[in-house]
file data_6.csv (CSV, C-alpha atoms)
chain,number,residue,atom,x,y,z
A,28,MET,CA,3.8,-73.2,71.6
A,29,ALA,CA,0.9,-75.0,70.2
A,30,ILE,CA,-2.1,-72.9,69.2
A,31,LYS,CA,-5.3,-74.0,71.0
A,32,ALA,CA,-7.9,-75.4,68.6
A,33,LYS,CA,-10.5,-73.0,70.0
A,34,HIS,CA,-8.3,-70.0,69.4
A,35,GLN,CA,-7.7,-71.1,65.8
A,36,ARG,CA,-11.5,-71.5,65.3
A,37,LEU,CA,-12.0,-68.0,66.8
A,38,VAL,CA,-9.5,-66.3,64.5
A,39,LEU,CA,-10.8,-68.2,61.4
A,40,LEU,CA,-14.4,-67.4,62.2
A,41,VAL,CA,-13.7,-63.7,62.8
A,42,ILE,CA,-11.9,-63.5,59.5
A,43,ALA,CA,-14.8,-65.3,57.8
A,44,LEU,CA,-17.3,-62.9,59.3
A,45,VAL,CA,-15.3,-59.8,58.3
A,46,VAL,CA,-15.1,-61.2,54.7
A,47,LEU,CA,-18.9,-62.0,54.8
A,48,MET,CA,-19.8,-58.6,56.1
A,49,GLY,CA,-17.6,-56.9,53.5
A,50,ALA,CA,-19.3,-58.9,50.7
A,51,GLY,CA,-22.7,-58.0,52.0
A,52,LEU,CA,-21.8,-54.3,52.2
A,53,LEU,CA,-20.3,-54.4,48.7
A,54,ALA,CA,-23.5,-56.0,47.4
A,55,ALA,CA,-25.6,-53.4,49.1
A,56,TRP,CA,-23.3,-50.7,47.6
A,57,ALA,CA,-23.7,-52.1,44.1
A,58,LEU,CA,-27.5,-52.1,44.6
A,59,ARG,CA,-27.5,-48.4,45.7
A,60,ASN,CA,-29.2,-47.1,42.6
A,61,GLN,CA,-31.1,-50.2,41.6
A,62,ALA,CA,-32.8,-50.9,44.9
A,63,SER,CA,-34.2,-47.4,45.4
A,64,TYR,CA,-38.0,-47.3,45.4
A,65,PHE,CA,-38.4,-44.0,43.5
A,66,TYR,CA,-36.5,-41.3,41.6
A,67,VAL,CA,-36.2,-37.8,43.1
A,68,PRO,CA,-37.1,-34.8,41.0
A,69,SER,CA,-33.4,-33.8,40.3
A,70,GLU,CA,-32.8,-37.3,38.8
A,71,ILE,CA,-36.0,-37.1,36.7
A,72,VAL,CA,-35.0,-33.7,35.4
A,73,ALA,CA,-31.4,-34.7,34.7
A,74,SER,CA,-32.3,-37.8,32.7
A,75,PRO,CA,-36.0,-37.9,31.9
A,76,PRO,CA,-37.4,-41.5,31.4
A,77,ALA,CA,-39.0,-42.5,28.2
A,78,PRO,CA,-42.7,-41.3,28.0
A,79,ASP,CA,-44.0,-44.9,27.8
A,80,ARG,CA,-42.0,-46.1,30.8
A,81,ALA,CA,-43.8,-46.4,34.2
A,82,VAL,CA,-41.6,-44.9,37.0
A,83,ARG,CA,-42.1,-43.7,40.5
A,84,LEU,CA,-41.3,-40.1,41.5
A,85,GLY,CA,-40.8,-39.3,45.1
A,86,GLY,CA,-40.3,-36.0,46.9
A,87,MET,CA,-42.0,-33.2,48.9
A,88,VAL,CA,-45.3,-31.7,47.8
A,89,GLU,CA,-44.4,-28.0,47.4
A,90,LYS,CA,-46.3,-25.7,49.8
A,91,GLY,CA,-49.2,-23.9,48.1
A,92,SER,CA,-48.9,-26.0,44.9
A,93,ILE,CA,-52.0,-28.3,45.2
A,94,LYS,CA,-54.7,-27.1,42.8
A,95,THR,CA,-58.0,-28.9,42.2
A,96,ALA,CA,-59.4,-28.8,38.7
A,97,PRO,CA,-63.1,-27.8,38.1
A,98,ASP,CA,-64.1,-31.5,37.8
A,99,GLY,CA,-63.2,-31.9,41.5
A,100,VAL,CA,-61.2,-35.1,41.2
A,101,THR,CA,-58.2,-34.0,39.1
A,102,ILE,CA,-55.4,-32.3,41.1
A,103,ALA,CA,-52.2,-30.7,40.0
A,104,PHE,CA,-49.2,-30.2,42.3
A,105,VAL,CA,-45.5,-29.8,42.3
A,106,VAL,CA,-43.0,-32.4,43.7
A,107,GLN,CA,-39.6,-30.9,44.7
A,108,ASP,CA,-36.4,-32.1,46.3
A,109,GLY,CA,-34.8,-28.7,46.9
A,110,LYS,CA,-32.9,-28.9,43.7
A,111,ALA,CA,-35.6,-29.5,41.0
A,112,ARG,CA,-39.3,-29.3,40.6
A,113,VAL,CA,-41.6,-31.6,38.7
A,114,PRO,CA,-45.3,-30.7,38.0
A,115,VAL,CA,-47.6,-33.7,38.6
A,116,THR,CA,-51.3,-34.3,37.7
A,117,PHE,CA,-53.4,-37.0,39.3
A,118,LYS,CA,-57.0,-38.0,39.0
A,119,GLY,CA,-58.5,-40.0,41.8
A,120,ILE,CA,-58.7,-40.2,45.6
A,121,VAL,CA,-55.6,-39.1,47.5
A,122,PRO,CA,-54.4,-40.9,50.7
A,123,SER,CA,-55.3,-39.0,53.9
A,124,LEU,CA,-51.6,-38.2,54.6
A,125,PHE,CA,-51.2,-36.4,51.3
A,126,VAL,CA,-50.7,-32.8,52.3
A,127,GLU,CA,-48.6,-29.9,51.2
A,128,GLY,CA,-45.1,-29.9,52.7
A,129,SER,CA,-45.2,-33.6,53.2
A,130,GLY,CA,-43.6,-36.5,51.3
A,131,VAL,CA,-45.3,-38.3,48.4
A,132,VAL,CA,-44.5,-41.1,46.0
A,133,ALA,CA,-46.3,-40.8,42.6
A,134,GLU,CA,-46.5,-43.8,40.2
A,135,GLY,CA,-47.0,-42.9,36.6
A,136,LYS,CA,-45.4,-41.7,33.4
A,137,MET,CA,-43.4,-38.6,32.4
A,138,GLN,CA,-44.9,-36.7,29.5
A,139,ALA,CA,-43.0,-35.1,26.7
A,140,ASP,CA,-44.0,-31.6,28.0
A,141,GLY,CA,-42.3,-32.2,31.3
A,142,THR,CA,-45.4,-33.0,33.4
A,143,PHE,CA,-45.7,-36.2,35.3
A,144,VAL,CA,-49.1,-38.0,35.0
A,145,ALA,CA,-49.6,-40.1,38.1
A,146,ASP,CA,-52.1,-43.1,38.2
A,147,ASN,CA,-51.4,-43.8,41.8
A,148,LEU,CA,-50.3,-41.7,44.8
A,149,LEU,CA,-48.7,-43.0,48.0
A,150,ALA,CA,-48.2,-40.8,51.0
A,151,LYS,CA,-44.7,-40.9,52.6
A,152,HIS,CA,-44.6,-39.8,56.2
A,153,ASP,CA,-41.4,-38.6,57.9
A,154,GLU,CA,-39.8,-39.7,61.1
A,155,ASN,CA,-41.4,-37.0,63.2
A,156,TYR,CA,-44.3,-37.8,65.5
A,157,VAL,CA,-46.1,-34.8,66.9
A,158,PRO,CA,-49.2,-35.1,69.1
A,159,ARG,CA,-52.4,-33.7,67.6
A,160,GLU,CA,-53.3,-31.8,70.8
A,161,MET,CA,-50.0,-30.0,70.9
A,162,GLN,CA,-50.4,-29.0,67.2
A,163,ASN,CA,-53.9,-27.6,68.0
A,164,MET,CA,-52.8,-26.1,71.3
A,165,THR,CA,-51.8,-22.7,70.0
A,166,ALA,CA,-54.9,-22.2,67.9
A,167,ASP,CA,-57.2,-23.5,70.7
A,168,GLN,CA,-55.4,-21.4,73.3
A,169,ALA,CA,-55.6,-18.4,71.0
A,170,LYS,CA,-59.3,-18.9,70.6
A,171,GLN,CA,-59.7,-19.3,74.4
A,172,VAL,CA,-57.7,-16.1,75.0
A,173,VAL,CA,-59.9,-14.3,72.5
A,174,ALA,CA,-63.1,-15.6,74.1
A,175,ASP,CA,-61.8,-14.7,77.6
A,176,THR,CA,-61.0,-11.1,76.7
A,177,GLN,CA,-64.3,-10.4,75.0
B,12,MET,CA,-21.2,-67.4,79.8
B,13,HIS,CA,-19.0,-70.4,80.3
B,14,GLY,CA,-20.4,-70.8,83.9
B,15,PHE,CA,-23.6,-72.0,82.2
B,16,ALA,CA,-21.7,-74.7,80.3
B,17,ASN,CA,-23.1,-77.0,83.0
B,18,PRO,CA,-26.8,-77.4,82.0
B,19,ALA,CA,-27.7,-78.3,85.6
B,20,ARG,CA,-26.5,-74.9,86.8
B,21,PHE,CA,-28.4,-73.2,83.9
B,22,LEU,CA,-31.6,-75.0,84.8
B,23,ARG,CA,-31.3,-74.0,88.4
B,24,ILE,CA,-31.2,-70.3,87.4
B,25,ALA,CA,-33.8,-70.6,84.5
B,26,ARG,CA,-36.3,-72.2,86.9
B,27,TRP,CA,-36.9,-68.9,88.7
B,28,LEU,CA,-35.7,-66.5,86.0
B,29,MET,CA,-38.2,-67.7,83.4
B,30,PRO,CA,-41.4,-67.0,85.4
B,31,LEU,CA,-39.9,-63.8,86.7
B,32,CYS,CA,-39.3,-62.5,83.1
B,33,MET,CA,-42.7,-63.7,82.0
B,34,ALA,CA,-44.6,-62.1,84.8
B,35,ALA,CA,-42.7,-58.8,84.7
B,36,GLY,CA,-42.9,-58.8,80.8
B,37,ILE,CA,-46.7,-59.4,80.7
B,38,ALA,CA,-47.3,-56.7,83.4
B,39,VAL,CA,-45.0,-54.1,81.7
B,40,ALA,CA,-46.3,-54.9,78.1
B,41,ALA,CA,-50.0,-54.8,79.2
B,42,GLY,CA,-49.4,-51.5,81.0
B,43,ALA,CA,-47.5,-50.0,78.1
B,44,LEU,CA,-50.2,-51.1,75.6
B,45,GLY,CA,-52.9,-49.6,77.8
B,46,TRP,CA,-50.9,-46.4,78.1
B,47,GLY,CA,-50.3,-46.3,74.3
B,48,LEU,CA,-53.8,-47.2,73.2
B,49,PHE,CA,-55.9,-45.2,75.7
B,50,GLU,CA,-53.7,-42.5,77.3
B,51,ALA,CA,-51.2,-41.4,74.6
B,52,PRO,CA,-52.3,-38.7,72.2
B,53,ALA,CA,-53.3,-39.1,68.5
B,54,GLU,CA,-50.7,-37.9,66.0
B,55,LYS,CA,-50.9,-34.6,64.1
B,56,LEU,CA,-51.1,-36.2,60.6
B,57,GLN,CA,-51.9,-39.9,61.2
B,58,GLY,CA,-54.5,-39.5,63.9
B,59,GLU,CA,-55.4,-42.6,65.8
B,60,THR,CA,-53.7,-45.0,63.5
B,61,VAL,CA,-50.4,-44.1,65.1
B,62,ARG,CA,-51.3,-46.3,68.0
B,63,ILE,CA,-50.2,-49.4,66.0
B,64,VAL,CA,-46.6,-48.2,66.6
B,65,TYR,CA,-46.8,-49.7,70.1
B,66,LEU,CA,-47.0,-53.2,68.7
B,67,HIS,CA,-45.2,-52.7,65.3
B,68,VAL,CA,-41.9,-51.3,66.6
B,69,PRO,CA,-41.4,-53.8,69.5
B,70,ALA,CA,-42.2,-56.7,67.1
B,71,ALA,CA,-39.7,-55.3,64.5
B,72,TRP,CA,-37.0,-55.0,67.2
B,73,LEU,CA,-37.6,-58.5,68.6
B,74,GLY,CA,-37.7,-60.0,65.1
B,75,MET,CA,-34.2,-58.7,64.5
B,76,ALA,CA,-33.1,-59.4,68.0
B,77,GLY,CA,-34.1,-63.0,67.6
B,78,TRP,CA,-31.8,-63.4,64.7
B,79,MET,CA,-29.0,-61.6,66.5
B,80,GLY,CA,-29.5,-64.2,69.3
B,81,ILE,CA,-29.3,-67.0,66.8
B,82,ALA,CA,-26.1,-65.4,65.3
B,83,ALA,CA,-24.5,-65.0,68.8
B,84,ALA,CA,-25.3,-68.5,69.8
B,85,SER,CA,-24.0,-69.8,66.4
B,86,PHE,CA,-20.7,-68.0,67.0
B,87,SER,CA,-20.4,-69.5,70.5
B,88,GLU,CA,-21.3,-72.9,69.0
B,89,LEU,CA,-18.6,-72.8,66.3
B,90,VAL,CA,-15.8,-71.3,68.4
B,91,TRP,CA,-16.2,-72.7,71.9
B,92,ARG,CA,-18.6,-75.6,71.3
B,93,HIS,CA,-20.8,-74.2,74.1
B,94,PRO,CA,-23.2,-77.0,75.0
B,95,LEU,CA,-26.2,-74.7,75.3
B,96,ALA,CA,-25.5,-72.7,72.2
B,97,GLY,CA,-27.4,-74.9,69.8
B,98,ILE,CA,-30.3,-75.1,72.2
B,99,ALA,CA,-30.3,-71.3,72.7
B,100,ALA,CA,-30.4,-70.7,68.9
B,101,ARG,CA,-33.3,-73.2,68.5
B,102,ALA,CA,-35.1,-71.4,71.3
B,103,CYS,CA,-34.8,-68.0,69.7
B,104,ALA,CA,-36.0,-69.1,66.2
B,105,VAL,CA,-39.8,-69.6,66.8
B,106,PRO,CA,-40.4,-66.4,68.9
B,107,GLY,CA,-38.2,-64.5,66.5
B,108,ALA,CA,-40.1,-65.6,63.5
B,109,LEU,CA,-43.4,-64.9,65.2
B,110,PHE,CA,-42.4,-61.3,66.1
B,111,THR,CA,-41.2,-60.8,62.5
B,112,ALA,CA,-44.6,-62.0,61.2
B,113,VAL,CA,-46.4,-59.7,63.7
B,114,CYS,CA,-44.2,-56.8,62.5
B,115,LEU,CA,-45.1,-57.5,58.8
B,116,ILE,CA,-48.8,-57.9,59.5
B,117,THR,CA,-49.1,-54.7,61.7
B,118,GLY,CA,-47.0,-52.8,59.2
B,119,SER,CA,-49.3,-53.8,56.4
B,120,LEU,CA,-52.4,-52.8,58.4
B,121,TRP,CA,-50.7,-49.5,59.2
B,122,GLY,CA,-49.5,-48.9,55.6
B,123,ARG,CA,-53.1,-49.0,54.2
B,124,PRO,CA,-54.3,-45.9,56.1
B,125,ALA,CA,-50.9,-44.1,56.3
B,126,TRP,CA,-49.4,-44.6,52.8
B,127,GLY,CA,-52.4,-45.8,50.8
B,128,THR,CA,-51.1,-49.3,50.2
B,129,TRP,CA,-51.0,-52.6,52.0
B,130,TRP,CA,-47.6,-53.5,50.6
B,131,VAL,CA,-44.8,-52.2,48.4
B,132,TRP,CA,-41.5,-53.8,47.4
B,133,ASP,CA,-39.2,-51.1,48.9
B,134,GLY,CA,-36.0,-51.9,50.7
B,135,ARG,CA,-37.3,-52.0,54.2
B,136,LEU,CA,-40.4,-54.2,53.6
B,137,THR,CA,-38.5,-56.6,51.3
B,138,SER,CA,-35.6,-57.1,53.7
B,139,MET,CA,-37.9,-57.7,56.6
B,140,LEU,CA,-39.8,-60.3,54.5
B,141,VAL,CA,-36.5,-61.9,53.7
B,142,LEU,CA,-35.8,-62.2,57.4
B,143,LEU,CA,-39.1,-64.1,57.9
B,144,PHE,CA,-38.0,-66.6,55.1
B,145,LEU,CA,-34.6,-66.9,56.7
B,146,TYR,CA,-36.3,-67.9,59.9
B,147,PHE,CA,-38.3,-70.6,58.1
B,148,GLY,CA,-35.2,-71.9,56.3
B,149,TRP,CA,-33.2,-71.9,59.5
B,150,MET,CA,-35.9,-73.9,61.4
B,151,ALA,CA,-36.1,-76.4,58.6
B,152,LEU,CA,-32.3,-76.8,58.5
B,153,SER,CA,-32.0,-77.0,62.2
B,154,GLN,CA,-34.6,-79.8,62.4
B,155,ALA,CA,-32.9,-81.7,59.5
B,156,SER,CA,-29.5,-81.4,61.0
B,157,ALA,CA,-30.6,-82.5,64.5
B,158,ALA,CA,-32.0,-85.6,62.9
B,159,SER,CA,-28.9,-86.3,60.8
B,160,ASP,CA,-25.7,-85.2,62.4
B,161,GLY,CA,-26.5,-86.1,66.0
B,162,GLY,CA,-27.0,-82.6,67.3
B,163,GLN,CA,-23.7,-81.1,66.0
B,164,ASN,CA,-25.6,-78.0,64.8
B,165,LYS,CA,-22.8,-77.0,62.5
B,166,ALA,CA,-24.9,-76.3,59.4
B,167,PRO,CA,-27.5,-74.2,61.2
B,168,ALA,CA,-24.8,-72.3,63.0
B,169,ILE,CA,-23.1,-71.3,59.7
B,170,PHE,CA,-26.5,-70.4,58.3
B,171,GLY,CA,-27.2,-68.3,61.4
B,172,LEU,CA,-24.0,-66.3,60.9
B,173,VAL,CA,-24.4,-65.8,57.2
B,174,GLY,CA,-28.1,-64.8,57.6
B,175,ALA,CA,-26.9,-62.1,60.1
B,176,VAL,CA,-25.8,-60.0,57.1
B,177,ASN,CA,-29.5,-59.2,56.6
B,178,ILE,CA,-29.8,-57.4,59.9
B,179,PRO,CA,-27.7,-54.3,59.0
B,180,ILE,CA,-29.3,-54.3,55.6
B,181,ILE,CA,-32.8,-54.1,57.3
B,182,HIS,CA,-31.5,-51.3,59.6
B,183,TYR,CA,-29.9,-49.2,56.9
B,184,SER,CA,-32.3,-50.0,54.1
B,185,VAL,CA,-34.1,-46.7,54.8
B,186,THR,CA,-30.9,-44.7,54.8
B,187,TRP,CA,-29.1,-46.3,51.8
B,188,TRP,CA,-32.1,-46.4,49.4
B,189,ASN,CA,-35.1,-44.2,48.7
B,190,SER,CA,-37.9,-46.1,50.4
B,191,LEU,CA,-41.6,-45.5,51.2
B,192,HIS,CA,-40.8,-46.5,54.8
B,193,GLN,CA,-39.6,-43.5,56.8
B,194,PRO,CA,-36.1,-43.3,58.4
B,195,PRO,CA,-35.7,-44.3,62.1
B,196,SER,CA,-37.3,-41.9,64.5
B,197,ILE,CA,-35.2,-43.1,67.4
B,198,THR,CA,-31.4,-43.0,66.9
B,199,MET,CA,-28.5,-42.9,69.3
B,200,GLY,CA,-29.4,-40.3,71.9
B,201,THR,CA,-32.0,-38.4,69.9
B,202,SER,CA,-35.6,-38.9,69.0
B,203,ALA,CA,-37.7,-37.3,66.3
B,204,MET,CA,-40.7,-38.6,68.3
B,205,SER,CA,-42.4,-36.5,70.9
B,206,ALA,CA,-42.1,-37.9,74.5
B,207,ASP,CA,-45.8,-38.5,74.5
B,208,PHE,CA,-45.3,-41.4,72.0
B,209,LEU,CA,-41.7,-42.3,73.0
B,210,MET,CA,-42.4,-43.2,76.6
B,211,PRO,CA,-45.1,-45.8,76.1
B,212,LEU,CA,-43.2,-47.1,73.1
B,213,LEU,CA,-40.0,-47.7,75.2
B,214,ALA,CA,-42.1,-49.3,77.9
B,215,ALA,CA,-43.7,-51.6,75.3
B,216,MET,CA,-40.3,-52.6,73.9
B,217,LEU,CA,-39.1,-53.4,77.4
B,218,GLY,CA,-42.2,-55.4,78.2
B,219,PHE,CA,-42.1,-57.5,75.0
B,220,THR,CA,-38.4,-58.0,75.4
B,221,LEU,CA,-38.9,-59.5,78.8
B,222,ILE,CA,-41.7,-61.8,77.4
B,223,PHE,CA,-39.3,-62.8,74.6
B,224,ALA,CA,-36.6,-63.6,77.2
B,225,GLY,CA,-39.1,-65.6,79.2
B,226,VAL,CA,-40.2,-67.6,76.1
B,227,VAL,CA,-36.6,-68.3,75.1
B,228,LEU,CA,-35.8,-69.6,78.7
B,229,ALA,CA,-38.9,-71.7,78.7
B,230,ARG,CA,-38.1,-73.2,75.3
B,231,MET,CA,-34.5,-73.9,76.3
B,232,ARG,CA,-35.8,-75.8,79.4
B,233,ALA,CA,-38.2,-77.7,77.3
B,234,ILE,CA,-35.5,-78.7,74.7
B,235,LEU,CA,-33.2,-79.8,77.5
B,236,ALA,CA,-35.9,-81.8,79.2
B,237,ASP,CA,-36.6,-83.5,75.8
B,238,GLN,CA,-33.0,-84.4,75.3
B,239,GLN,CA,-32.8,-85.8,78.9
B,240,ALA,CA,-35.9,-87.9,78.3
B,241,GLU,CA,-34.6,-89.2,75.0
B,242,ALA,CA,-31.2,-90.0,76.5
B,243,ARG,CA,-33.0,-91.9,79.4
B,244,LEU,CA,-35.1,-93.9,76.9
B,245,ARG,CA,-32.0,-94.7,74.9
B,246,ARG,CA,-30.2,-96.0,78.0
B,247,LYS,CA,-33.2,-98.0,79.1
B,248,ALA,CA,-33.6,-99.6,75.6
B,249,LEU,CA,-29.9,-100.3,75.6
B,250,SER,CA,-29.8,-102.0,79.0
B,251,GLU,CA,-32.9,-104.0,78.1
B,252,ALA,CA,-31.3,-105.2,74.9
B,253,VAL,CA,-28.1,-106.1,76.8
B,254,PHE,CA,-29.9,-108.2,79.5
B,255,GLN,CA,-32.2,-110.0,77.2

call {"tool": "encode", "arguments": {"input": "data_6.csv", "output": "structure tokens"}}
result
Amino acid sequence: MAIKAKHQRLVLLVIALVVLMGAGLLAAWALRNQASYFYVPSEIVASPPAPDRAVRLGGMVEKGSIKTAPDGVTIAFVVQDGKARVPVTFKGIVPSLFVEGSGVVAEGKMQADGTFVADNLLAKHDENYVPREMQNMTADQAKQVVADTQ
Amino acid sequence: MHGFANPARFLRIARWLMPLCMAAGIAVAAGALGWGLFEAPAEKLQGETVRIVYLHVPAAWLGMAGWMGIAAASFSELVWRHPLAGIAARACAVPGALFTAVCLITGSLWGRPAWGTWWVWDGRLTSMLVLLFLYFGWMALSQASAASDGGQNKAPAIFGLVGAVNIPIIHYSVTWWNSLHQPPSITMGTSAMSADFLMPLLAAMLGFTLIFAGVVLARMRAILADQQAEARLRRKALSEAVFQ
């Protein structure tokens, strides 16, 4: 039985596509570490970069860790990923989404004493979208209830 | 699909389907944008800037869907030599590139207030920019090949399939690599997005998708009409040459 030309093309093309996708996935796999935008604290702690090398550090801002220095523009906070913590200092204006318990990417250099001096901060927001009204609802309602009972 | 191998039958359906898609798409998209921009709430952390999501996410989806359309048409072109496949691929390219550009521009405008930067070279942003360049390259190749190989569309079809490798890379870039862009909010069956944002967003995606379908149908009709006019001119020129 002769194989129809279009069936032959179908089989060849499907094989070519499988090979192509495999090659693409292998390339992406090989890029796993190189293509990351930042290091997480456990990576920085495990193998600290040289003090003169500019790196990015990304993670969560630890709750209750943001402290403002007396000069009013220098802040210190802790970036953590659940496994390790890295203290960070930064002087400048922070993005509006920079809050405790939220994600941050700090660009800067690791110091010999284990603190990270950032010269730029980027706020990283997560995949959760919560309406502002609902967030305020409990507080507003509580106020309302208090006002009603007085 | 093979029922449409006859362009006349395709044209009969496209004639009424195109305005239907356009009208429904414009109505739904306008309603969804009105809903999203004026009715939907502000976000807890981002405030009012969250409203750009109603344009950014549909544009990202259609930028990727445009290339998936090119890839599907290319497959049909190479395997079955479907007569409308090359035309469908050409019709997808311009709106796909346009929506990719809209996605990049709105994303940049959103990144400034949300992240504190217009642009970073992280996995998601870079792979989306690569998609825009793939569109430009595909359009140039498709024009060159239409001029040289007599509408065989073989080279652009192969390019269309090879370029499709970028689509899963865009999608998984935020999962595979640490990136500034956040992971997807809407995944199979679950949503990390409150229904107040999700409903207008899904409506906007539906509306823009209908507009996209309408534009593709309109462009396919235009390309077919162009080809018919060219064929008629060629026949006319030929018969005049013969009778002279």

call {"tool": "interface_residues", "arguments": {"input": "data_6.csv", "of": "chain A", "to": "chain B", "cutoff": "10 Å", "atoms": "all atoms listed in the file", "output": "PyMOL selection string"}}
result
chain A and resi 32-41+43-44+47-52+55-56+58-67+85-86+120-126+129-132+147-163

call {"tool": "residues_around", "arguments": {"input": "data_6.csv", "residues": "Ala16 in chain B", "least_positions_apart": "5", "cutoff": "10 Å", "atoms": "all atoms listed in the file", "output": "list in words"}}
result
Phe21, Arg92, His93, Pro94, Leu95 and Ala96 of chain B

call {"tool": "atom_distance", "arguments": {"input": "data_6.csv", "atom1": "CA of Ser85 in chain B", "atom2": "CA of Ala168 in chain B"}}
result
4.3 Å

call {"tool": "residues_around", "arguments": {"input": "data_6.csv", "residues": "range 33-40 of chain B", "least_positions_apart": "4", "cutoff": "7 Å", "atoms": "all atoms listed in the file", "output": "list in words"}}
result
Met29, Leu44, Ala214, Ala215, Gly218, Phe219, Leu221, Ile222 and Gly225 of chain B

call {"tool": "atom_distance", "arguments": {"input": "data_6.csv", "atom1": "CA of Ala236 in chain B", "atom2": "CA of Ile98 in chain B"}}
result
11.2 Å

call {"tool": "residues_near_point", "arguments": {"input": "data_6.csv", "point": "(-39.6, -58.6, 57.7)", "cutoff": "10 Å", "atoms": "only C-alpha atoms", "output": "PDB file with C-alpha atoms, in the coordinates of the input"}}
result
ATOM      1  CA  ALA B  70     -42.200 -56.700  67.100  1.00  0.00           C
ATOM      2  CA  ALA B  71     -39.700 -55.300  64.500  1.00  0.00           C
ATOM      3  CA  GLY B  74     -37.700 -60.000  65.100  1.00  0.00           C
ATOM      4  CA  MET B  75     -34.200 -58.700  64.500  1.00  0.00           C
ATOM      5  CA  ALA B 108     -40.100 -65.600  63.500  1.00  0.00           C
ATOM      6  CA  PHE B 110     -42.400 -61.300  66.100  1.00  0.00           C
ATOM      7  CA  THR B 111     -41.200 -60.800  62.500  1.00  0.00           C
ATOM      8  CA  ALA B 112     -44.600 -62.000  61.200  1.00  0.00           C
ATOM      9  CA  VAL B 113     -46.400 -59.700  63.700  1.00  0.00           C
ATOM     10  CA  CYS B 114     -44.200 -56.800  62.500  1.00  0.00           C
ATOM     11  CA  LEU B 115     -45.100 -57.500  58.800  1.00  0.00           C
ATOM     12  CA  ILE B 116     -48.800 -57.900  59.500  1.00  0.00           C
ATOM     13  CA  GLY B 118     -47.000 -52.800  59.200  1.00  0.00           C
ATOM     14  CA  ARG B 135     -37.300 -52.000  54.200  1.00  0.00           C
ATOM     15  CA  LEU B 136     -40.400 -54.200  53.600  1.00  0.00           C
ATOM     16  CA  THR B 137     -38.500 -56.600  51.300  1.00  0.00           C
ATOM     17  CA  SER B 138     -35.600 -57.100  53.700  1.00  0.00           C
ATOM     18  CA  MET B 139     -37.900 -57.700  56.600  1.00  0.00           C
ATOM     19  CA  LEU B 140     -39.800 -60.300  54.500  1.00  0.00           C
ATOM     20  CA  VAL B 141     -36.500 -61.900  53.700  1.00  0.00           C
ATOM     21  CA  LEU B 142     -35.800 -62.200  57.400  1.00  0.00           C
ATOM     22  CA  LEU B 143     -39.100 -64.100  57.900  1.00  0.00           C
ATOM     23  CA  PHE B 144     -38.000 -66.600  55.100  1.00  0.00           C
ATOM     24  CA  LEU B 145     -34.600 -66.900  56.700  1.00  0.00           C
ATOM     25  CA  ILE B 181     -32.800 -54.100  57.300  1.00  0.00           C
TER      26      ILE B 181
END

call {"tool": "atom_distance", "arguments": {"input": "data_6.csv", "atom1": "CA of Val64 in chain B", "atom2": "CA of Trp121 in chain B"}}
result
8.6 Å
